[in-house]
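Here is the structure we will look at.
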Amino acid sequence: MKRLFTTLVALIAFSFTVFAQVPQGFNYQAVVRNTAGQLMQNRSISVRISILRGSETGTAVYQQVGSVNTNANGLFTLIVGENSAEFASIDWGNGPYYILSEIDPQGGDNYILSTTQKILAVPYAHYADYARRIDDNFVYNEQDPRFRAWGYNYDSLQGAPTRLSDFINDLEFPYDSLQPSISGDTLFFGDNNNTYVILPHLGDGTGTITIHGDTLYMGDQYVILPSNDPLLRLSGDTLYMGDQYVVLPDPNINISGDTLYMGDQYVVLPGIEMHGDTLYMGDEYVVLPHYIPTLNEVLSVNNNAFNQIHNVYTPTAPYDAVNKLYVDSLIALVNARIDSLDQALNDRMDSMGNIYQNIMDSMSQHIYNLEHPIIDGALPGIFSVSATTRINFSKGNLQYRPRIKTWRFAEHQYDLAGSDNNNVYMQAYCTSWIDLFGYGTSSWDGGAGRYMPYETTTNNTEYTEATDGNDLTEFYANGDWGYYNPIINGGNQMATWRTLTYSEWTYLLTQRPNAAQLRGMATVVSTPGYIILPDDWQLPAGQNFVNTDTSYTTNVYNAANWAIMEAAGAVFLPAAGMRIGSATTNIGTIGNYWTASHVNGTTGYSFHIGASACGMQNTMTYSTGCSVRVVHEY
């Protein structure tokens, strides 16, 4: 079950040294998008981070709340667990652990957006600190899950270390190599390619993500990797860019030869050399002034100090003015060259940062698309039907053609079969598409007297799967129209779709956050019905919507306007009427949609649409022909 319903592509970063003090806290980044794939840029949002133990719904062992700002790329960054005694007390060996990220895009405390990820690298950075404190005589066991979770196997380690300290010394950390490779669903990197990451949803071994030369392919997309520095990393006071590096500056700067020294560190300068008292910059050079003696050195010579020393800041003699002009011009020239070098370095770092971010954004979006594909026949909007379950609605009401025994979704959400449902009296010879069905008439014979979609008998007891009736779930899920049948424009596979239960309809309409504002009666392309809006609904520019349960004419949309609303995630349920026996009634006036839940042996729960009332009903008899709208779990 996926819990995410706005795109959160999370990147978790750790920096630690095994035998040194492990920092308490780690960097957490996430890219936030809406369901249309648009970045949520430059926004102040509220974030609640929880560390869960055991499972995606496990016990929270740590939690923090705060406000952050997304940048122009929809990215936010925060530090989880910094200076927290509660975080420091986590026993990372007692996992697995998951990180739950919840977001209120409005900056309040209504955390309606969430994602949960299993933590793979983080606990073991801190677990290494725990291992450091174990007696050095401890001999580890290759079957110990705490070590197997690192991806290492005793027999595969050269030299077969027998002590924990030897084992830790043999560990390799990521990003030591510039030539990553992919085999099947595994991305290898590090020295000798002995560090690896399992890529999600590539278990078929076809290598959907591959690297050829300097090109990273992701399906039919690709990214050109920079030739020698795909990753930036910082080690001590040195910034590495591929096989190049820059030592971060120190206040004391001097030049010797072609080397710029900053304290006890240095940078080799391109095109600048120092020979004797001459500074060469390409084809240009400057002769630097000779050493200027101190006052004490001048006074040590048998001369009158007042005749030797002049005020060069405000010259009084011509040669002093010339010297000051020369020194000032030299200083300006050197400063300009340093500024130019500094700007070139900043430009290079900015370019590297942009390349790295573009690669990460592209990979993150591709992985997100792999994890959350929109299946054939599903609408884009994401809806909560319980505290943990999210769904997509089908593109239209379910329809059946008896003569060819075929199921499909209506081409448009506002399409309905209408009076064609009267043709069901022909039963198996009916050539029309029908969309009003008795309860549980999926074609599965679970012991009912009648179970075919075209049944018209008004004897309610002949529709049940047992004498007291059953929900269309668990063993009786085959009675569910979407579960039992392949749908030709909905993936054409069994067990892909299902009908919402009574409790799920109730949660969707009344219990999810802001539920009352996300639904209302409407008319779409001249068809009366009911609109339900997704969890993260944002009204498109130029459109209007008012929540109402009393009139079909408050919200009216033509085909063009409805296309915009549908693309933003809106769902429409047409008022297709009902069928009693082989006769239809109230088409365009009321609508009834079956749930997967029964009331008793003759009655099922339904969602009713009508000008007098809209809501859940417990009076719909099994033999009544009602509409069916199925869903796919997100």
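We label chains A, B, ... in the order they appear in the structure tokens, count residues from 1 in each chain, and number ligands from 1 in the order shown.
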Legend entry - Test item: residues at most 9 Å from Val47 (chain A), only C-alpha atoms, excluding those fewer than 2 positions along its chain, as a list in words: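 Non-adjacent residues within range: Ile45, Ile49, Gln64, Val65, Gly66, Ser67, Val68, Ser101, Glu102, Ile103, Asp104, Pro105, Gly107, Asp109 and Tyr111 of chain A.
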Inset, instruction - For region 486-499 of chain A, work out the shell of residues within 8 Å, counting only C-alpha atoms and skipping chain neighbours fewer than 5 positions away, then give it as a ChimeraX atom specification. - result: /A:375-378,394,406-409,480-481,594-596,628-633
Please, could you write that set of residues out with C-alpha atoms as a short mmCIF file (atom, residue, chain, number, x, y, z; two decimals), in the first residue's frame?
data_model
loop_
_atom_site.label_atom_id
_atom_site.label_comp_id
_atom_site.auth_asym_id
_atom_site.auth_seq_id
_atom_site.Cartn_x
_atom_site.Cartn_y
_atom_site.Cartn_z
CA ILE A 375 -2.41 2.15 -14.78
CA ASP A 376 -4.55 1.91 -17.89
CA GLY A 377 -8.04 3.25 -17.23
CA ALA A 378 -7.20 5.17 -14.02
CA SER A 394 -11.65 4.42 -12.99
CA THR A 406 -17.07 -8.13 -22.36
CA TRP A 407 -16.51 -5.48 -19.66
CA ARG A 408 -15.22 -1.96 -20.24
CA PHE A 409 -15.13 1.53 -18.68
CA ASP A 480 -17.03 -7.82 -7.03
CA TRP A 481 -17.50 -6.71 -10.68
CA TRP A 594 -23.20 -0.01 -5.17
CA THR A 595 -20.70 -0.50 -2.34
CA ALA A 596 -19.05 -3.87 -1.60
CA VAL A 628 -20.86 0.59 -10.42
CA ARG A 629 -17.68 2.71 -10.22
CA VAL A 630 -14.53 0.77 -9.35
CA VAL A 631 -11.16 1.93 -7.99
CA HIS A 632 -7.48 0.93 -8.02
CA GLU A 633 -5.38 1.14 -4.85
#
Inset, instruction - Just the residues within 9 Å of Thr550 (chain A), please, counting only C-alpha atoms, with nothing from its chain fewer than 2 positions along; format it as a PyMOL selection string. - result: chain A and resi 520-521+548+552+554+610-614
Deliver the residues from the most recent selection as a file, using C-alpha atoms, as a PDB file, in the first residue's frame.
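To be explicit, this is the file written out as again_23.pdb:
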ATOM      1  CA  GLY A 520     -20.967  18.549  -4.695  1.00  0.00           C
ATOM      2  CA  MET A 521     -23.728  18.136  -7.308  1.00  0.00           C
ATOM      3  CA  THR A 548     -23.701  21.769  -2.796  1.00  0.00           C
ATOM      4  CA  TYR A 552     -27.423  20.120 -10.277  1.00  0.00           C
ATOM      5  CA  THR A 554     -24.831  25.339  -9.384  1.00  0.00           C
ATOM      6  CA  GLY A 610     -30.550  13.104  -5.654  1.00  0.00           C
ATOM      7  CA  ALA A 611     -31.869  16.656  -5.332  1.00  0.00           C
ATOM      8  CA  SER A 612     -33.539  15.833  -2.007  1.00  0.00           C
ATOM      9  CA  ALA A 613     -30.543  14.089  -0.430  1.00  0.00           C
ATOM     10  CA  CYS A 614     -27.022  12.869  -1.223  1.00  0.00           C
TER      11      CYS A 614
END
Legend entry - Distance in Å - CA of Ser114 (chain A) versus CA of Ser362 (chain A): 21.3 Å
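Among the candidate residues A:Pro528, A:Gly482, A:Gly418, A:Gly469, the one lying nearest to Thr602 (chain A) is A:Gly469, with distances computed using only C-alpha atoms.
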Legend entry - Spatial neighbours of Asn618 (chain A), 8 Å, only C-alpha atoms, chain gap at least 4 places, as a VMD selection string: chain A and resid 599 603 to 606
Legend entry - From A:Ala72, A:Leu78, A:Ile119, A:Ala344, residue lying nearest Ser55 (chain A) [only C-alpha atoms]: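 Between A:Ala72, A:Leu78, A:Ile119, A:Ala344, the residue approaching Ser55 (chain A) most closely is A:Ile119.
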Inset, instruction - May I ask which of the residues A:Met616, A:Ala568, A:Ile587, A:Cys430 is the closest one to Glu455 (chain A), counting only C-alpha atoms? - result: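 Distance minimum relative to Glu455 (chain A) lands on A:Cys430.
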Legend entry - Option closest in space to Gly37 (chain A), from A:Gly54, A:Pro402, A:Thr456, A:Gly74 [counting only C-alpha atoms]: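 Counting only C-alpha atoms, the residue closest to Gly37 (chain A) is A:Gly74.
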Legend entry - Counting only C-alpha atoms, the option among A:Leu113, A:Leu330, A:Ile51, A:Ala60 closest to Ile99 (chain A):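 Among the listed residues, the smallest separation from Ile99 (chain A) belongs to A:Ile51.
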